[in-house]
$ cat upload31.csv   # CSV, C-alpha atoms
chain,number,residue,atom,x,y,z
A,14,MET,CA,110.8,9.9,86.6
A,15,VAL,CA,108.3,10.7,89.4
A,16,ALA,CA,106.3,13.9,89.5
A,17,THR,CA,105.7,15.4,92.9
A,18,PRO,CA,103.3,18.1,94.1
A,19,ILE,CA,104.0,21.8,93.3
A,20,GLY,CA,102.5,22.9,96.6
A,21,ASN,CA,99.6,20.9,97.8
A,22,LEU,CA,100.7,17.5,99.2
A,23,GLY,CA,97.4,16.1,98.2
A,24,ASP,CA,98.4,16.2,94.6
A,25,MET,CA,100.8,13.2,95.1
A,26,THR,CA,99.3,10.3,93.0
A,27,ILE,CA,98.8,6.9,94.4
A,28,ARG,CA,101.1,5.4,91.8
A,29,ALA,CA,103.8,7.9,92.7
A,30,ILE,CA,103.6,6.9,96.4
A,31,ASP,CA,103.8,3.2,95.5
A,32,VAL,CA,106.8,3.7,93.2
A,33,LEU,CA,108.7,5.7,95.8
A,34,ARG,CA,108.0,3.1,98.5
A,35,ALA,CA,109.2,0.3,96.2
A,36,ALA,CA,112.3,2.1,94.8
A,37,HIS,CA,115.8,1.0,96.0
A,38,VAL,CA,116.8,4.7,96.2
A,39,ILE,CA,115.3,8.1,95.4
A,40,ALA,CA,117.5,10.6,93.6
A,41,CYS,CA,116.5,14.1,94.6
A,42,GLU,CA,117.7,17.8,94.4
A,43,ASP,CA,117.5,18.5,98.2
A,44,THR,CA,117.1,15.7,100.7
A,45,ARG,CA,115.5,18.1,103.2
A,46,VAL,CA,112.7,19.0,100.8
A,47,THR,CA,112.1,15.5,99.6
A,48,GLY,CA,112.4,14.2,103.1
A,49,ARG,CA,109.4,16.3,104.2
A,50,LEU,CA,107.4,14.8,101.3
A,51,LEU,CA,108.4,11.3,102.2
A,52,LYS,CA,107.6,11.8,105.8
A,53,ALA,CA,104.1,13.1,105.0
A,54,HIS,CA,103.4,9.9,103.1
A,55,GLY,CA,105.1,7.4,105.4
A,56,ILE,CA,107.9,6.6,102.9
A,57,ALA,CA,111.2,5.4,104.3
A,58,THR,CA,113.2,4.8,101.1
A,59,ARG,CA,116.8,5.9,101.1
A,60,MET,CA,117.6,9.2,99.4
A,61,GLN,CA,120.6,10.2,97.2
A,62,ARG,CA,121.3,13.8,96.4
A,63,TYR,CA,121.4,14.4,92.7
A,64,ASP,CA,121.3,17.7,90.9
A,65,ASP,CA,123.0,19.5,87.9
A,66,HIS,CA,126.1,20.0,90.0
A,67,ALA,CA,126.5,16.3,91.0
A,68,PRO,CA,129.7,14.8,89.7
A,69,PRO,CA,129.7,12.2,86.9
A,70,GLU,CA,130.5,9.6,89.4
A,71,THR,CA,127.2,10.0,91.2
A,72,ARG,CA,125.3,9.7,87.9
A,73,ASP,CA,127.4,6.5,87.1
A,74,ARG,CA,126.5,5.0,90.5
A,75,LEU,CA,122.8,5.6,89.9
A,76,LEU,CA,122.9,4.2,86.4
A,77,ASP,CA,124.8,1.1,87.6
A,78,LEU,CA,122.2,0.6,90.3
A,79,ALA,CA,119.4,1.1,87.8
A,80,ARG,CA,120.5,-2.0,85.9
A,81,GLU,CA,119.5,-4.2,88.9
A,82,ASP,CA,117.0,-2.1,91.0
A,83,ALA,CA,114.4,0.6,90.6
A,84,VAL,CA,115.8,4.1,90.9
A,85,ALA,CA,113.3,7.0,91.3
A,86,LEU,CA,114.2,10.5,90.3
A,87,VAL,CA,112.3,13.5,91.8
A,88,SER,CA,112.8,17.2,91.7
A,89,ASP,CA,111.9,19.5,94.6
A,90,ALA,CA,108.5,20.1,93.1
A,91,GLY,CA,106.7,19.1,89.9
A,92,THR,CA,107.8,17.0,87.0
A,93,PRO,CA,111.5,16.1,86.8
A,94,LEU,CA,113.5,17.7,83.8
A,95,VAL,CA,111.0,20.5,83.3
A,96,SER,CA,113.4,23.3,84.2
A,97,ASP,CA,114.8,20.8,86.8
A,98,PRO,CA,117.7,18.4,86.9
A,99,GLY,CA,117.6,15.0,85.2
A,100,PHE,CA,118.3,15.4,81.5
A,101,ARG,CA,121.8,13.9,81.6
A,102,LEU,CA,120.7,11.1,83.7
A,103,VAL,CA,117.8,10.2,81.4
A,104,ARG,CA,119.9,10.6,78.3
A,105,GLU,CA,122.7,8.3,79.5
A,106,ALA,CA,120.2,5.8,80.9
A,107,ARG,CA,118.6,5.5,77.4
A,108,GLU,CA,122.1,5.3,75.8
A,109,ARG,CA,122.9,2.4,78.1
A,110,GLY,CA,119.7,0.5,77.3
A,111,ILE,CA,118.2,1.2,80.8
A,112,GLN,CA,114.4,1.5,80.7
A,113,VAL,CA,113.0,5.0,81.6
A,114,ILE,CA,109.4,5.2,82.9
A,115,ALA,CA,107.3,8.3,83.5
A,116,ILE,CA,105.2,8.5,86.6
A,117,PRO,CA,103.2,11.7,85.6
A,118,GLY,CA,101.7,14.2,87.9
A,119,ALA,CA,101.8,17.9,88.7
A,120,CYS,CA,103.6,20.4,86.4
A,121,ALA,CA,103.4,24.1,87.1
A,122,ALA,CA,103.7,25.1,83.4
A,123,ILE,CA,100.7,23.0,82.4
A,124,ALA,CA,98.7,24.0,85.5
A,125,GLY,CA,99.4,27.7,84.7
A,126,LEU,CA,98.4,27.2,81.1
A,127,THR,CA,95.1,25.5,82.0
A,128,VAL,CA,93.9,28.4,84.3
A,129,SER,CA,95.2,31.3,82.3
A,130,GLY,CA,92.5,31.6,79.7
A,131,LEU,CA,95.1,32.0,77.0
A,132,PRO,CA,95.1,29.7,73.8
A,133,SER,CA,96.2,26.3,74.8
A,134,ASP,CA,96.0,24.4,71.5
A,135,ARG,CA,99.6,25.4,70.8
A,136,PHE,CA,102.2,26.6,73.3
A,137,LEU,CA,105.9,26.9,73.8
A,138,PHE,CA,107.6,26.3,77.2
A,139,ALA,CA,110.7,28.4,77.4
A,140,GLY,CA,111.9,27.9,81.0
A,141,PHE,CA,113.2,30.9,82.9
A,142,LEU,CA,113.8,34.2,81.2
A,143,PRO,CA,117.5,35.5,81.5
A,144,VAL,CA,118.4,37.6,84.5
A,145,LYS,CA,120.2,40.4,82.6
A,146,ASP,CA,118.0,42.9,80.8
A,147,LYS,CA,119.6,42.7,77.3
A,148,ALA,CA,119.6,38.9,77.3
A,149,ARG,CA,116.0,39.0,78.4
A,150,ILE,CA,115.0,41.3,75.5
A,151,ASP,CA,117.0,39.2,73.1
A,152,MET,CA,115.2,36.0,74.1
A,153,LEU,CA,111.8,37.7,73.8
A,154,ASP,CA,112.8,39.1,70.4
A,155,GLU,CA,113.7,35.6,69.3
A,156,LEU,CA,110.3,34.3,70.3
A,157,SER,CA,108.3,37.2,68.7
A,158,ASN,CA,107.1,35.2,65.7
A,159,VAL,CA,106.1,32.1,67.5
A,160,PRO,CA,102.4,31.6,66.8
A,161,ALA,CA,101.7,30.1,70.2
A,162,THR,CA,101.2,30.9,73.8
A,163,LEU,CA,104.6,31.4,75.5
A,164,VAL,CA,105.1,29.9,78.9
A,165,PHE,CA,107.9,30.9,81.3
A,166,TYR,CA,108.9,30.3,84.9
A,167,GLU,CA,109.7,33.4,86.9
A,168,THR,CA,110.6,34.5,90.4
A,169,GLY,CA,108.9,37.2,92.5
A,170,PRO,CA,111.8,39.6,92.6
A,171,ARG,CA,112.3,39.5,88.8
A,172,LEU,CA,108.6,39.5,87.7
A,173,GLU,CA,108.1,43.2,87.4
A,174,ARG,CA,111.2,43.7,85.2
A,175,SER,CA,110.1,40.8,82.9
A,176,LEU,CA,106.6,42.2,82.6
A,177,ARG,CA,108.0,45.7,81.6
A,178,ALA,CA,110.2,44.0,79.0
A,179,ILE,CA,107.2,42.2,77.6
A,180,ALA,CA,105.2,45.5,77.7
A,181,GLU,CA,107.9,47.3,75.7
A,182,LEU,CA,108.0,44.6,73.0
A,183,TRP,CA,104.3,43.5,72.9
A,184,PRO,CA,102.1,46.1,74.5
A,185,ASP,CA,98.9,44.7,73.0
A,186,ARG,CA,99.4,41.0,73.8
A,187,GLU,CA,97.4,39.4,76.6
A,188,VAL,CA,99.6,38.2,79.5
A,189,ALA,CA,98.8,36.0,82.5
A,190,VAL,CA,100.6,35.6,85.8
A,191,ALA,CA,99.8,32.4,87.7
A,192,ARG,CA,101.3,32.1,91.1
A,193,GLU,CA,101.1,30.0,94.2
A,194,LEU,CA,99.4,27.3,92.1
A,195,THR,CA,97.6,24.6,94.2
A,196,LYS,CA,98.3,26.6,97.4
A,197,LEU,CA,96.1,28.6,99.7
A,198,HIS,CA,96.8,32.0,98.0
A,199,GLU,CA,96.6,30.7,94.4
A,200,GLU,CA,95.9,33.4,91.9
A,201,CYS,CA,95.9,34.0,88.2
A,202,ARG,CA,95.7,37.5,86.8
A,203,THR,CA,95.3,38.2,83.1
A,204,ALA,CA,95.8,41.7,81.6
A,205,PRO,CA,98.3,43.7,79.4
A,206,ALA,CA,101.8,43.4,80.6
A,207,GLU,CA,102.0,47.1,81.7
A,208,ASP,CA,98.9,46.7,83.9
A,209,LEU,CA,100.3,43.6,85.5
A,210,ALA,CA,103.7,45.3,86.0
A,211,GLN,CA,102.0,48.2,87.9
A,212,HIS,CA,100.0,45.8,90.0
A,213,TYR,CA,103.0,43.8,91.1
A,214,ALA,CA,105.1,46.9,91.7
A,215,ALA,CA,102.5,47.9,94.3
A,216,HIS,CA,102.0,44.3,95.5
A,217,PRO,CA,105.4,42.5,95.4
A,218,PRO,CA,104.7,38.8,94.7
A,219,LYS,CA,105.9,35.8,96.6
A,220,GLY,CA,106.0,32.2,95.6
A,221,GLU,CA,106.6,30.3,92.4
A,222,ILE,CA,105.3,32.0,89.3
A,223,VAL,CA,104.2,30.9,85.8
A,224,LEU,CA,104.3,33.8,83.3
A,225,LEU,CA,102.3,33.4,80.1
A,226,VAL,CA,102.1,35.5,77.0
A,227,GLY,CA,99.4,35.1,74.4
A,228,PRO,CA,100.3,34.6,70.7
A,229,PRO,CA,100.5,37.5,68.2
A,230,GLY,CA,97.0,38.7,67.4
A,231,GLU,CA,95.3,38.2,64.0
A,232,ARG,CA,95.8,41.8,63.1
A,233,ALA,CA,99.5,41.6,63.6
A,234,ALA,CA,99.8,38.3,61.8
A,235,ALA,CA,97.9,39.6,58.8
A,236,ALA,CA,99.7,42.9,58.6
A,237,ASP,CA,102.0,43.7,55.6
A,238,PRO,CA,105.4,44.5,57.2
A,239,ASP,CA,106.6,46.4,54.1
A,240,ALA,CA,103.6,48.6,54.1
A,241,LEU,CA,104.0,49.4,57.8
A,242,LEU,CA,107.7,50.1,57.3
A,243,ARG,CA,107.0,52.5,54.4
A,244,GLU,CA,104.5,54.3,56.5
A,245,ALA,CA,106.9,54.5,59.5
A,246,LEU,CA,109.9,55.5,57.3
A,247,ALA,CA,108.0,58.7,56.2
A,248,ASP,CA,109.1,60.4,59.3
A,249,GLU,CA,111.4,58.0,61.2
A,250,SER,CA,114.9,56.5,60.8
A,251,PRO,CA,115.1,52.8,59.7
A,252,SER,CA,116.0,51.9,63.3
A,253,LYS,CA,113.0,53.6,64.8
A,254,ALA,CA,110.7,52.4,62.0
A,255,ALA,CA,111.8,48.8,62.6
A,256,ALA,CA,111.2,49.1,66.4
A,257,ARG,CA,107.7,50.5,65.8
A,258,VAL,CA,106.7,47.8,63.4
A,259,ALA,CA,108.3,45.1,65.6
A,260,LYS,CA,106.0,46.2,68.5
A,261,ALA,CA,103.0,46.1,66.2
A,262,THR,CA,103.6,42.8,64.6
A,263,GLY,CA,106.0,40.8,66.8
A,264,ILE,CA,108.4,40.3,63.9
A,265,ASP,CA,112.1,40.3,64.8
A,266,ARG,CA,113.5,43.9,64.9
A,267,GLN,CA,116.8,43.0,63.2
A,268,THR,CA,114.9,41.4,60.3
A,269,LEU,CA,112.7,44.5,60.0
A,270,TYR,CA,115.7,46.9,60.3
A,271,ALA,CA,117.4,45.1,57.3
A,272,ARG,CA,114.2,45.4,55.3
A,273,ALA,CA,113.8,49.1,56.3
A,274,VAL,CA,117.3,49.9,55.1
A,275,ALA,CA,116.6,48.2,51.8
A,276,LEU,CA,113.3,50.1,51.4
A,277,LYS,CA,114.9,53.4,52.3
A,278,SER,CA,117.6,53.1,49.7
A,279,ALA,CA,115.3,51.7,47.0
$ encode --input "upload31.csv" --output "structure tokens"
Amino acid sequence: MVATPIGNLGDMTIRAIDVLRAAHVIACEDTRVTGRLLKAHGIATRMQRYDDHAPPETRDRLLDLAREDAVALVSDAGTPLVSDPGFRLVREARERGIQVIAIPGACAAIAGLTVSGLPSDRFLFAGFLPVKDKARIDMLDELSNVPATLVFYETGPRLERSLRAIAELWPDREVAVARELTKLHEECRTAPAEDLAQHYAAHPPKGEIVLLVGPPGERAAAADPDALLREALADESPSKAAARVAKATGIDRQTLYARAVALKSA
């Protein structure tokens, strides 16, 4: 499993170059993308297209070959399997007793975390947020109680909508947008989600993006949800009370709604 640069070709490690030169074949997402990388480092190893849409026969051929020769797997950028193809290949290789070796290197999620200024002692990488609005909100709701920095990948055209969804659920959490990492126009902005949404609405972003959300604050973690619900229920319905407390605490809205109904009828 060979990590490749996420932008700057200088981030290719010496070991990764040696492994790709010595491999019998390089399995890659896009031979054009990997071909440019190989050309830049004078590597002439044969390439084999392999992605999540590759038929089982392609995977079987690579695994059969891996019993006798070195097979290198790369993605278009970064570390294979981190929101990139390779899971099935690695799983089946291990099931067949084929040794799997990591050649570490660049990873956008880790790079974004290290420059964001958000807590890094505990984090959860959650891949790409869903495209549809409801599915996106549902996923964020599911992660509300995670006491860790959340790390997502995002695209430029979808960034503003994701930021506004985060602002709706967690208006007080610190959010970071790291984009174009390792490239000429690298930037990392940290602010509340609504402020970032307004910025990127006025300045549509390009390039690959890492979106990070800080963990629930100490005040939210220490808050008594029942007390907050009773206060909200004084002038709101259970549904609205649950929504208000969910925003304040990060607790799942459905869980709070069920508790609000119980408190209302008590």
$ residues_near_point --input "upload31.csv" --point "(112.9, -4.3, 90.5)" --cutoff "10 Å" --atoms "only C-alpha atoms" --output "PyMOL selection string"
chain A and resi 35-37+79-84
$ atom_distance --input "upload31.csv" --atom1 "atom CA of Ala206 of chain A" --atom2 "atom CA of Ala189 of chain A"
8.2 Å
$ residues_around --input "upload31.csv" --residues "Leu182 of chain A" --least-positions-apart "2" --cutoff "8 Å" --atoms "all atoms listed in the file" --output "VMD selection string"
chain A and resid 153 to 154 178 to 180 184 259 to 260 263
$ closest_residue --input "upload31.csv" --among "A:Thr168, A:Thr162, A:Thr44, A:Ser88" --to "Ile222 of chain A" --atoms "all atoms listed in the file"
A:Thr168
$ residues_around --input "upload31.csv" --residues "Arg192 of chain A" --least-positions-apart "3" --cutoff "9 Å" --atoms "only C-alpha atoms" --output "list in words"
Gly125, Thr195, Lys196, His198, Glu199, Glu200, Cys201, Arg202, Pro218, Lys219, Gly220, Glu221, Ile222, Val223 and Leu224 of chain A
$ residues_around --input "upload31.csv" --residues "Pro117 of chain A" --least-positions-apart "6" --cutoff "10 Å" --atoms "all atoms listed in the file" --output "number ranges by chain"
A: 14-17, 25-26, 28-29, 91-93
$ closest_residue --input "upload31.csv" --among "A:Asp31, A:Leu276, A:Asp265, A:Thr127" --to "Ser250 of chain A" --atoms "only C-alpha atoms"
A:Leu276
$ atom_distance --input "upload31.csv" --atom1 "atom CA of Val95 of chain A" --atom2 "atom CA of Val38 of chain A"
21.2 Å
$ residues_around --input "upload31.csv" --residues "Val46 of chain A" --least-positions-apart "5" --cutoff "10 Å" --atoms "only C-alpha atoms" --output "list in words"
Cys41, Leu51, Ser88, Asp89 and Ala90 of chain A
$ residues_around --input "upload31.csv" --residues "Ile111 of chain A" --least-positions-apart "2" --cutoff "12 Å" --atoms "all atoms listed in the file" --output "PDB file with C-alpha atoms, in the coordinates of the input"
ATOM      1  CA  LEU A  75     122.800   5.600  89.900  1.00  0.00           C
ATOM      2  CA  LEU A  76     122.900   4.200  86.400  1.00  0.00           C
ATOM      3  CA  ASP A  77     124.800   1.100  87.600  1.00  0.00           C
ATOM      4  CA  LEU A  78     122.200   0.600  90.300  1.00  0.00           C
ATOM      5  CA  ALA A  79     119.400   1.100  87.800  1.00  0.00           C
ATOM      6  CA  ARG A  80     120.500  -2.000  85.900  1.00  0.00           C
ATOM      7  CA  GLU A  81     119.500  -4.200  88.900  1.00  0.00           C
ATOM      8  CA  ASP A  82     117.000  -2.100  91.000  1.00  0.00           C
ATOM      9  CA  ALA A  83     114.400   0.600  90.600  1.00  0.00           C
ATOM     10  CA  VAL A  84     115.800   4.100  90.900  1.00  0.00           C
ATOM     11  CA  LEU A 102     120.700  11.100  83.700  1.00  0.00           C
ATOM     12  CA  VAL A 103     117.800  10.200  81.400  1.00  0.00           C
ATOM     13  CA  ARG A 104     119.900  10.600  78.300  1.00  0.00           C
ATOM     14  CA  GLU A 105     122.700   8.300  79.500  1.00  0.00           C
ATOM     15  CA  ALA A 106     120.200   5.800  80.900  1.00  0.00           C
ATOM     16  CA  ARG A 107     118.600   5.500  77.400  1.00  0.00           C
ATOM     17  CA  GLU A 108     122.100   5.300  75.800  1.00  0.00           C
ATOM     18  CA  ARG A 109     122.900   2.400  78.100  1.00  0.00           C
ATOM     19  CA  VAL A 113     113.000   5.000  81.600  1.00  0.00           C
ATOM     20  CA  ILE A 114     109.400   5.200  82.900  1.00  0.00           C
TER      21      ILE A 114
END
$ closest_residue --input "upload31.csv" --among "A:Val128, A:Ile56, A:Val159, A:Ala256" --to "Ala191 of chain A" --atoms "only C-alpha atoms"
A:Val128
